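Chemist: Sharing model_33.txt, compact mmCIF, C-alpha atoms:
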```txt
# COMPACT_ATOMS: atom_id res chain seq x y z
CA MET D 6 22.47 1.79 1.49
CA PRO D 7 19.89 1.42 4.27
CA THR D 8 16.12 0.94 4.25
CA ALA D 9 13.91 3.55 5.92
CA LEU D 10 11.04 2.58 8.22
CA ILE D 11 8.58 5.46 8.27
CA THR D 12 5.71 5.61 10.75
CA HIS D 13 4.03 7.84 13.33
CA PRO D 14 2.20 7.29 16.64
CA ALA D 15 -0.81 9.15 15.23
CA CYS D 16 -1.52 6.13 13.04
CA LEU D 17 -2.43 4.23 16.21
CA GLU D 18 -5.11 6.81 17.08
CA HIS D 19 -7.44 5.95 14.19
CA GLU D 20 -10.28 3.96 15.82
CA PRO D 21 -12.83 2.60 13.32
CA GLY D 22 -14.90 1.06 16.11
CA PRO D 23 -15.18 -2.01 18.34
CA TYR D 24 -14.46 -5.34 16.63
CA HIS D 25 -13.41 -3.62 13.41
CA PRO D 26 -10.73 -5.70 11.65
CA GLU D 27 -8.68 -2.61 10.72
CA SER D 28 -7.67 -1.95 14.32
CA PRO D 29 -4.70 -0.26 16.05
CA PRO D 30 -3.23 -3.63 17.16
CA ARG D 31 -2.45 -4.32 13.49
CA LEU D 32 0.16 -1.58 13.42
CA SER D 33 1.38 -2.45 16.92
CA ALA D 34 2.03 -6.03 15.73
CA VAL D 35 3.98 -4.80 12.71
CA LEU D 36 6.11 -2.41 14.72
CA ALA D 37 6.81 -5.05 17.38
CA ALA D 38 8.00 -7.47 14.70
CA LEU D 39 10.34 -4.82 13.32
CA GLU D 40 12.01 -4.38 16.72
CA ALA D 41 13.80 -7.73 16.30
CA PRO D 42 17.62 -7.62 16.09
CA ALA D 43 17.53 -8.33 12.34
CA PHE D 44 16.05 -4.87 11.84
CA ALA D 45 18.59 -2.91 13.85
CA ASP D 46 19.93 -1.24 10.70
CA LEU D 47 16.61 0.28 9.67
CA LEU D 48 16.54 4.06 9.51
CA ARG D 49 13.60 4.86 11.80
CA GLU D 50 11.90 8.00 10.54
CA GLU D 51 8.84 9.97 11.64
CA ALA D 52 6.14 10.45 9.05
CA PRO D 53 5.24 14.07 8.28
CA GLU D 54 1.72 15.18 7.53
CA ALA D 55 0.92 15.17 3.84
CA THR D 56 0.20 18.66 2.58
CA VAL D 57 -3.12 19.67 1.10
CA GLU D 58 -1.31 20.25 -2.19
CA GLN D 59 0.02 16.69 -2.20
CA LEU D 60 -3.43 15.26 -1.45
CA GLN D 61 -5.14 17.41 -4.09
CA ARG D 62 -3.00 15.94 -6.87
CA VAL D 63 -5.11 12.81 -6.33
CA HIS D 64 -8.32 13.90 -4.60
CA PRO D 65 -10.58 16.89 -5.40
CA ALA D 66 -10.19 19.88 -3.08
CA ASP D 67 -13.69 19.54 -1.67
CA TYR D 68 -13.12 15.88 -0.84
CA VAL D 69 -9.85 16.62 0.96
CA ALA D 70 -11.50 19.41 2.93
CA ALA D 71 -14.47 17.24 3.85
CA ILE D 72 -12.31 14.38 5.17
CA LEU D 73 -10.05 16.69 7.16
CA ALA D 74 -13.10 18.42 8.68
CA ILE D 75 -14.42 15.18 10.21
CA ARG D 76 -13.06 15.34 13.73
CA PRO D 77 -15.60 13.88 16.16
CA ASP D 78 -15.18 14.17 19.90
CA PHE D 79 -12.98 11.61 21.63
CA GLY D 80 -14.84 8.33 22.01
CA GLU D 81 -17.29 9.11 19.23
CA GLY D 82 -17.22 8.18 15.57
CA VAL D 83 -18.61 9.04 12.15
CA GLN D 84 -19.60 6.21 9.80
CA LEU D 85 -18.73 7.03 6.18
CA ASP D 86 -19.96 3.75 4.69
CA PRO D 87 -20.68 0.29 6.12
CA ASP D 88 -16.94 -0.49 6.33
CA THR D 89 -15.28 2.90 6.81
CA ALA D 90 -15.44 5.11 9.88
CA MET D 91 -13.56 8.02 11.41
CA SER D 92 -12.77 8.81 15.03
CA ALA D 93 -11.17 11.79 16.76
CA GLY D 94 -7.71 10.74 15.57
CA SER D 95 -8.55 9.56 12.07
CA ALA D 96 -7.87 12.73 10.09
CA ASP D 97 -4.43 13.13 11.64
CA ALA D 98 -3.68 9.43 11.07
CA ALA D 99 -4.69 9.73 7.41
CA LEU D 100 -2.44 12.77 6.97
CA ARG D 101 0.52 10.88 8.46
CA ALA D 102 -0.19 7.75 6.40
CA ALA D 103 -0.10 9.67 3.14
CA GLY D 104 2.83 11.72 4.41
CA ALA D 105 4.81 8.56 5.15
CA ALA D 106 4.37 7.38 1.57
CA VAL D 107 5.52 10.79 0.30
CA LYS D 108 8.55 10.73 2.59
CA GLY D 109 9.39 7.27 1.29
CA VAL D 110 9.56 8.68 -2.23
CA ASP D 111 11.75 11.55 -1.04
CA ALA D 112 14.04 9.11 0.76
CA VAL D 113 14.77 6.98 -2.31
CA MET D 114 14.97 9.94 -4.68
CA GLU D 115 17.29 11.95 -2.41
CA GLY D 116 19.41 8.84 -2.04
CA TRP D 117 19.65 8.56 1.74
CA ALA D 118 17.69 5.30 1.60
CA ARG D 119 17.63 2.64 -1.09
CA SER D 120 14.12 1.53 -0.16
CA ALA D 121 11.42 2.53 2.30
CA PHE D 122 8.57 0.88 4.18
CA ALA D 123 5.67 3.02 5.39
CA ALA D 124 4.17 1.25 8.42
CA VAL D 125 0.90 3.14 8.55
CA ARG D 126 -2.83 3.02 8.85
CA PRO D 127 -5.47 3.70 7.65
CA PRO D 128 -4.71 1.86 4.42
CA GLY D 129 -5.40 3.57 1.11
CA HIS D 130 -5.80 1.52 -2.05
CA HIS D 131 -9.62 1.44 -2.02
CA ALA D 132 -9.96 5.23 -1.69
CA GLU D 133 -11.25 6.60 -4.99
CA PRO D 134 -10.73 10.21 -6.07
CA ALA D 135 -13.90 11.45 -4.35
CA ARG D 136 -15.03 8.51 -2.21
CA PRO D 137 -13.69 6.78 0.89
CA MET D 138 -14.30 3.05 1.03
CA GLY D 139 -12.92 -0.25 2.24
CA PHE D 140 -11.33 1.19 5.41
CA CYS D 141 -9.48 3.82 3.28
CA LEU D 142 -9.62 7.64 3.41
CA PHE D 143 -6.78 8.92 1.20
CA ASN D 144 -5.04 6.83 -1.46
CA ASN D 145 -1.56 6.77 0.01
CA VAL D 146 0.24 5.09 -2.89
CA ALA D 147 -1.37 7.35 -5.49
CA VAL D 148 -0.39 10.43 -3.48
CA ALA D 149 3.18 9.12 -3.41
CA ALA D 150 3.18 8.35 -7.13
CA LEU D 151 2.03 11.80 -8.17
CA HIS D 152 4.48 13.37 -5.71
CA ALA D 153 7.28 11.46 -7.46
CA ARG D 154 6.19 13.05 -10.70
CA ALA D 155 5.57 16.57 -9.37
CA ARG D 156 8.66 17.00 -7.19
CA TRP D 157 11.17 14.66 -8.78
CA GLY D 158 10.14 14.64 -12.42
CA VAL D 159 9.72 10.85 -12.50
CA GLN D 160 7.45 10.50 -15.50
CA ARG D 161 6.77 6.76 -15.34
CA VAL D 162 5.66 5.47 -11.94
CA ALA D 163 4.43 1.96 -11.16
CA VAL D 164 2.28 0.70 -8.30
CA VAL D 165 2.00 -3.05 -7.78
CA ASP D 166 -0.47 -4.53 -5.32
CA PHE D 167 -0.48 -7.99 -3.73
CA ASP D 168 -3.25 -7.28 -1.22
CA VAL D 169 -5.98 -9.92 -1.45
CA HIS D 170 -8.50 -7.20 -2.38
CA HIS D 171 -8.31 -5.31 -5.66
CA GLY D 172 -7.10 -1.72 -5.35
CA ASN D 173 -10.04 -0.16 -7.16
CA GLY D 174 -9.11 3.34 -6.05
CA THR D 175 -5.57 3.17 -7.37
CA GLN D 176 -6.73 1.72 -10.68
CA ALA D 177 -9.36 4.45 -11.05
CA MET D 178 -6.65 7.09 -10.66
CA PHE D 179 -4.12 5.43 -12.99
CA GLU D 180 -6.01 3.78 -15.83
CA GLN D 181 -6.34 6.90 -18.01
CA ASP D 182 -2.67 7.92 -17.74
CA ALA D 183 -0.32 5.88 -19.93
CA ASP D 184 2.68 6.86 -17.81
CA LEU D 185 1.19 5.35 -14.64
CA PHE D 186 1.17 1.58 -14.23
CA TYR D 187 -1.02 -0.45 -11.86
CA ALA D 188 -0.93 -4.22 -11.42
CA SER D 189 -2.75 -6.40 -8.93
CA SER D 190 -3.25 -10.01 -7.96
CA HIS D 191 -6.39 -10.43 -5.87
CA GLN D 192 -9.16 -12.82 -4.99
CA SER D 193 -12.24 -12.86 -7.20
CA PRO D 194 -15.07 -12.98 -6.34
CA CYS D 195 -14.29 -10.80 -3.35
CA TYR D 196 -14.65 -7.21 -2.17
CA PRO D 197 -14.83 -4.72 -3.92
CA GLY D 198 -15.85 -6.69 -7.05
CA THR D 199 -13.48 -4.91 -9.45
CA GLY D 200 -10.25 -5.97 -11.13
CA ASP D 201 -11.33 -8.14 -14.03
CA ALA D 202 -8.51 -9.31 -16.30
CA ALA D 203 -10.15 -7.44 -19.19
CA GLU D 204 -9.54 -4.09 -17.44
CA ARG D 205 -6.33 -3.01 -19.19
CA GLY D 206 -6.16 0.77 -18.93
CA ILE D 207 -5.70 3.30 -21.70
CA ALA D 208 -2.38 1.81 -22.88
CA ASN D 209 -2.22 -1.67 -21.36
CA ASN D 210 -0.95 0.09 -18.27
CA VAL D 211 -3.25 -1.92 -15.98
CA VAL D 212 -2.70 -5.63 -15.30
CA ASN D 213 -5.20 -7.55 -13.19
CA VAL D 214 -4.78 -11.24 -12.38
CA PRO D 215 -7.78 -12.50 -10.41
CA LEU D 216 -7.21 -15.54 -8.22
CA ARG D 217 -9.91 -17.98 -7.19
CA PRO D 218 -10.86 -18.65 -3.55
CA GLY D 219 -8.62 -21.44 -2.35
CA ASP D 220 -5.73 -20.64 -4.69
CA GLY D 221 -2.30 -20.79 -3.09
CA SER D 222 1.38 -20.35 -3.76
CA ALA D 223 1.50 -21.90 -7.22
CA SER D 224 -1.27 -19.71 -8.64
CA PHE D 225 0.11 -16.59 -6.98
CA ARG D 226 3.65 -17.14 -8.22
CA ALA D 227 2.40 -17.93 -11.72
CA ALA D 228 0.31 -14.73 -11.77
CA TRP D 229 3.33 -12.63 -10.92
CA GLY D 230 5.98 -14.59 -12.76
CA ASN D 231 4.07 -15.04 -16.02
CA GLU D 232 2.04 -11.84 -16.24
CA ILE D 233 2.67 -9.03 -13.78
CA LEU D 234 6.46 -9.01 -13.52
CA PRO D 235 7.04 -9.15 -17.30
CA ALA D 236 4.56 -6.31 -17.84
CA LEU D 237 6.21 -4.26 -15.10
CA ASP D 238 9.62 -4.89 -16.63
CA ARG D 239 8.38 -3.68 -20.02
CA PHE D 240 6.91 -0.56 -18.43
CA ALA D 241 10.34 0.31 -16.97
CA PRO D 242 9.31 2.58 -14.10
CA GLY D 243 11.48 5.31 -12.64
CA VAL D 244 10.31 4.35 -9.16
CA LEU D 245 8.37 1.34 -7.90
CA ILE D 246 5.69 1.65 -5.21
CA ILE D 247 4.17 -1.41 -3.53
CA SER D 248 0.71 -1.68 -2.00
CA ALA D 249 1.80 -4.25 0.57
CA GLY D 250 -1.26 -6.05 1.85
CA PHE D 251 -0.72 -9.35 3.66
CA ASP D 252 -4.34 -10.55 3.78
CA ALA D 253 -3.76 -13.19 1.09
CA HIS D 254 -2.07 -15.22 3.84
CA ARG D 255 -3.79 -18.54 4.54
CA ALA D 256 -4.45 -17.47 8.16
CA ASP D 257 -6.24 -14.24 7.27
CA PRO D 258 -9.96 -14.14 8.18
CA LEU D 259 -11.20 -11.78 5.44
CA ALA D 260 -10.54 -13.85 2.30
CA GLN D 261 -9.71 -17.34 1.08
CA ILE D 262 -6.36 -17.16 -0.73
CA ARG D 263 -3.89 -19.53 0.90
CA LEU D 264 -0.45 -17.99 0.69
CA GLU D 265 2.40 -18.85 3.03
CA THR D 266 4.69 -16.34 4.68
CA ALA D 267 7.42 -17.48 2.28
CA ASP D 268 5.37 -16.23 -0.68
CA PHE D 269 5.70 -12.67 0.56
CA ALA D 270 9.46 -13.11 0.83
CA TRP D 271 9.51 -14.45 -2.74
CA ILE D 272 7.50 -11.61 -4.29
CA THR D 273 9.54 -9.01 -2.40
CA ASP D 274 12.78 -10.48 -3.73
CA GLU D 275 11.38 -10.52 -7.27
CA LEU D 276 10.26 -6.90 -7.07
CA VAL D 277 13.53 -5.71 -5.54
CA SER D 278 15.52 -7.50 -8.25
CA LEU D 279 13.41 -5.89 -10.95
CA ALA D 280 13.79 -2.47 -9.33
CA ASP D 281 17.55 -2.96 -9.21
CA ARG D 282 17.51 -3.46 -12.98
CA ARG D 283 15.01 -0.78 -13.90
CA CYS D 284 15.08 2.09 -11.40
CA SER D 285 18.31 1.94 -9.38
CA GLY D 286 16.57 -0.11 -6.70
CA ARG D 287 14.16 2.64 -5.75
CA VAL D 288 11.28 0.86 -3.98
CA VAL D 289 8.69 2.40 -1.65
CA SER D 290 6.35 -0.04 0.10
CA VAL D 291 3.20 1.06 1.91
CA LEU D 292 1.21 -1.12 4.31
CA GLU D 293 -2.32 -2.00 3.20
CA GLY D 294 -4.30 -4.98 4.57
CA GLY D 295 -3.59 -7.98 6.78
CA TYR D 296 -5.92 -8.91 9.63
CA ASP D 297 -4.50 -11.96 11.39
CA LEU D 298 -1.99 -10.35 13.72
CA ASP D 299 0.55 -13.18 13.79
CA ALA D 300 0.44 -13.69 10.03
CA LEU D 301 0.65 -9.94 9.46
CA ALA D 302 3.68 -9.58 11.73
CA ALA D 303 5.53 -12.53 10.19
CA SER D 304 4.73 -11.53 6.61
CA THR D 305 5.73 -7.92 7.16
CA ALA D 306 9.00 -9.05 8.70
CA VAL D 307 10.02 -11.12 5.68
CA HIS D 308 8.88 -8.33 3.36
CA VAL D 309 11.05 -5.74 5.12
CA ARG D 310 14.00 -8.15 5.20
CA GLY D 311 13.62 -8.37 1.43
CA LEU D 312 13.58 -4.61 1.11
CA MET D 313 16.77 -4.53 3.20
CA ARG D 314 18.36 -7.20 0.96
CA ILE D 315 19.08 -9.52 3.92
```
Can I see the file as structure tokens?

Modeler:
Amino acid sequence: MPTALITHPACLEHEPGPYHPESPPRLSAVLAALEAPAFADLLREEAPEATVEQLQRVHPADYVAAILAIRPDFGEGVQLDPDTAMSAGSADAALRAAGAAVKGVDAVMEGWARSAFAAVRPPGHHAEPARPMGFCLFNNVAVAALHARARWGVQRVAVVDFDVHHGNGTQAMFEQDADLFYASSHQSPCYPGTGDAAERGIANNVVNVPLRPGDGSASFRAAWGNEILPALDRFAPGVLIISAGFDAHRADPLAQIRLETADFAWITDELVSLADRRCSGRVVSVLEGGYDLDALAASTAVHVRGLMRI
């Protein structure tokens, strides 16, 4: 069964500003890497816009309306916080990013794809219920998770996150619901300053494994192999969603974890194997961070190869 690649040109029209690390060339680099012959069997799908109903399962109605109303003139921008800005194309990009994650869930639940990768921007895991932050407007993976529950009746949904920054927004939305699971490895100290190991959720449904600046493959693989993967296995999700950030790569400029490209292949294989055992292989991966273009392209390529089981 094939893997779906879900994206949309609108995601290239989000312009946070000159010299901003979360730039359109990030997505261009990912899509160029996925044009290689190894990826010829991908199902290439256009991301729909997320509906207001889908967004409001995660974000309050007034927040959704406020974000969608920010549509500055072309060439202008609106600064939401020191890191997060919107341009003329940002609202449409955010709708497509969340919509891609939703379509990924539909793809694996309908059975026309075994796994899906949403190649989108802006990213989402820092977006809290009523606050944009950390380059994020809507929490794409949370929207997908609650869509899986609302449309498909999947009661237990897991999100795992290997971005170098803690997904504070996803944790905030999941920690009080025992049937939602969130796990993250991330650098600490580092932005946004959340994700302590003592943060466990209402029913041990949150697992945080902070890594120290300078940690590399051994620490990362131990965090997942000894703590996160066993907890995920015990949770036994009906669908697995990945916040796929590649900024823990040693070449990335925004943090100091020193992973190799091969580490992203390893964790993808581990997650796919677990999903094969627990949820009929249903995996939806959504692009988060990664700011060195070459490292991002190479890491995404091995990740998608893992999703494809090649």

Chemist: What is the distance between CA of Val162 (chain D) and CA of Leu73 (chain D), in Å to one decimal?

Modeler: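 Between CA of Val162 (chain D) and CA of Leu73 (chain D) the gap works out to 27.2 Å.
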
Chemist: Interatomic distance between CA of Asp67 (chain D) and CA of Ala106 (chain D)?

Modeler: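 One can read the CA of Asp67 (chain D) to CA of Ala106 (chain D) distance as 22.0 Å.
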
Chemist: I'd like the interatomic distance between CA of Ala202 (chain D) and CA of Asp220 (chain D), to a tenth of an Å.

Modeler: 16.5 Å

Chemist: Closest to Asp111 (chain D) among D:Ala153, D:Val69, D:Val148, D:Ala260, using all atoms listed in the file?

Modeler: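 Among D:Ala153, D:Val69, D:Val148, D:Ala260, it is D:Ala153 that comes nearest to Asp111 (chain D).
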
Chemist: Select, from D:Ser120, D:Leu142, D:Asp257, D:Asp299, the residue with the minimum atom-to-atom distance to Ala280 (chain D), counting all atoms listed in the file.

Modeler: D:Ser120

Chemist: Given all atoms listed in the file as the basis, pick out the residue of D:Ala102, D:Leu279, D:Ala227, D:Cys16 nearest to Leu32 (chain D).

Modeler: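 Once distances to Leu32 (chain D) are computed over all atoms listed in the file, the minimum belongs to D:Cys16.
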
Chemist: Of the candidates D:Ile207, D:Met313, D:Ala177, D:Met91, which one gets nearest to Ala74 (chain D) if we count all atoms listed in the file?

Modeler: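 Distance minimum relative to Ala74 (chain D) lands on D:Met91.
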
Chemist: Near His131 (chain D), counting only C-alpha atoms, which residues have an atom at most 9 Å away, once you skip same-chain residues fewer than 2 positions from it, shown as a list in words?

Modeler: Pro128, Gly129, Glu133, Arg136, Pro137, Met138, Gly139, Phe140, Cys141, Leu142, Phe143, Asn144, His170, His171, Gly172, Asn173, Gly174, Thr175 and Pro197 of chain D

Chemist: Might you pull out every residue within 8 Å of Gly250 (chain D), with all atoms listed in the file counted and same-chain residues fewer than 4 positions away left off, and present them as a list in words?

Modeler: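 After dropping sequence-adjacent residues, the list is Asp166, Phe167, Asp168, Val169, Leu292, Glu293, Gly294 and Gly295 of chain D.
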
Chemist: For Ala223 (chain D), which of D:Met6, D:Cys195, D:Ala270, D:Leu264 is the closest residue, counting only C-alpha atoms?

Modeler: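 With only C-alpha atoms as the atom set, the closest residue is D:Leu264.
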
Chemist: Could you give me, as a short mmCIF file (atom, residue, chain, number, x, y, z; two decimals) with C-alpha atoms, keeping the file's coordinate frame, the residues within 8 Å of region 186-191 of chain D, counting only C-alpha atoms and dropping anything in the same chain fewer than 6 positions from it?

Modeler:
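Result file follows (around.cif):
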```
data_model
loop_
_atom_site.label_atom_id
_atom_site.label_comp_id
_atom_site.auth_asym_id
_atom_site.auth_seq_id
_atom_site.Cartn_x
_atom_site.Cartn_y
_atom_site.Cartn_z
CA ARG D 161 6.77 6.76 -15.34
CA VAL D 162 5.66 5.47 -11.94
CA ALA D 163 4.43 1.96 -11.16
CA VAL D 164 2.28 0.70 -8.30
CA VAL D 165 2.00 -3.05 -7.78
CA ASP D 166 -0.47 -4.53 -5.32
CA PHE D 167 -0.48 -7.99 -3.73
CA ASP D 168 -3.25 -7.28 -1.22
CA VAL D 169 -5.98 -9.92 -1.45
CA HIS D 170 -8.50 -7.20 -2.38
CA HIS D 171 -8.31 -5.31 -5.66
CA GLY D 172 -7.10 -1.72 -5.35
CA THR D 175 -5.57 3.17 -7.37
CA GLN D 176 -6.73 1.72 -10.68
CA PHE D 179 -4.12 5.43 -12.99
CA GLU D 180 -6.01 3.78 -15.83
CA GLY D 200 -10.25 -5.97 -11.13
CA ASN D 210 -0.95 0.09 -18.27
CA VAL D 211 -3.25 -1.92 -15.98
CA VAL D 212 -2.70 -5.63 -15.30
CA ASN D 213 -5.20 -7.55 -13.19
CA VAL D 214 -4.78 -11.24 -12.38
CA PRO D 215 -7.78 -12.50 -10.41
CA LEU D 216 -7.21 -15.54 -8.22
CA PHE D 225 0.11 -16.59 -6.98
CA ALA D 228 0.31 -14.73 -11.77
CA TRP D 229 3.33 -12.63 -10.92
CA ILE D 233 2.67 -9.03 -13.78
CA LEU D 237 6.21 -4.26 -15.10
CA PHE D 240 6.91 -0.56 -18.43
CA ALA D 253 -3.76 -13.19 1.09
#
```

Chemist: Name the residues, using the chain letters and numbers of the file, that sit within 12 Å of (-13.1, -18.8, 4.2) when counting all atoms listed in the file, and give them as a PyMOL selection string.

Modeler: chain D and resi 192+195+217-220+253-263

Chemist: Go through D:Asp274, D:Glu18, D:Glu58, D:Glu265 and flag the residue nearest Ser222 (chain D), using all atoms listed in the file for the distances.

Modeler: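 Ranking D:Asp274, D:Glu18, D:Glu58, D:Glu265 by distance to Ser222 (chain D), first place goes to D:Glu265.
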
Chemist: Kindly compute an axis-aligned box around the listed atoms of region 242-252 of chain D, allowing 5 Å on each side, and express its centre and edge lengths in Å to one decimal as JSON.

Modeler:
```
{"center_x": 3.6, "center_y": -2.6, "center_z": -5.2, "size_x": 25.8, "size_y": 25.9, "size_z": 27.9}
```

Chemist: May I have the protein, DNA and RNA residues with an atom at most 12 Å from (-7.6, -2.2, 17.4), counting all atoms listed in the file in the file's coordinates, returned as a PyMOL selection string?

Modeler: chain D and resi 16-34+126-127+296-298

Chemist: Excluding same-chain residues fewer than 5 positions from Ala302 (chain D), what lies within 8 Å of it counting all atoms listed in the file, as a PyMOL selection string?

Modeler: chain D and resi 34-35+37-38

Chemist: Within 8 Å of Arg101 (chain D), counting all atoms listed in the file, which residues qualify if same-chain residues fewer than 3 places away don't, as a ChimeraX atom specification?

Modeler: /D:12-13,15-16,52-55,97-98,104-105,125

Chemist: Give me a file of those residues, with C-alpha atoms, as a compact mmCIF listing (two decimals), in the coordinates of the input.

Modeler:
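Printed below is part20.txt as written:
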```txt
# COMPACT_ATOMS: atom_id res chain seq x y z
CA THR D 12 5.71 5.61 10.75
CA HIS D 13 4.03 7.84 13.33
CA ALA D 15 -0.81 9.15 15.23
CA CYS D 16 -1.52 6.13 13.04
CA ALA D 52 6.14 10.45 9.05
CA PRO D 53 5.24 14.07 8.28
CA GLU D 54 1.72 15.18 7.53
CA ALA D 55 0.92 15.17 3.84
CA ASP D 97 -4.43 13.13 11.64
CA ALA D 98 -3.68 9.43 11.07
CA GLY D 104 2.83 11.72 4.41
CA ALA D 105 4.81 8.56 5.15
CA VAL D 125 0.90 3.14 8.55
```
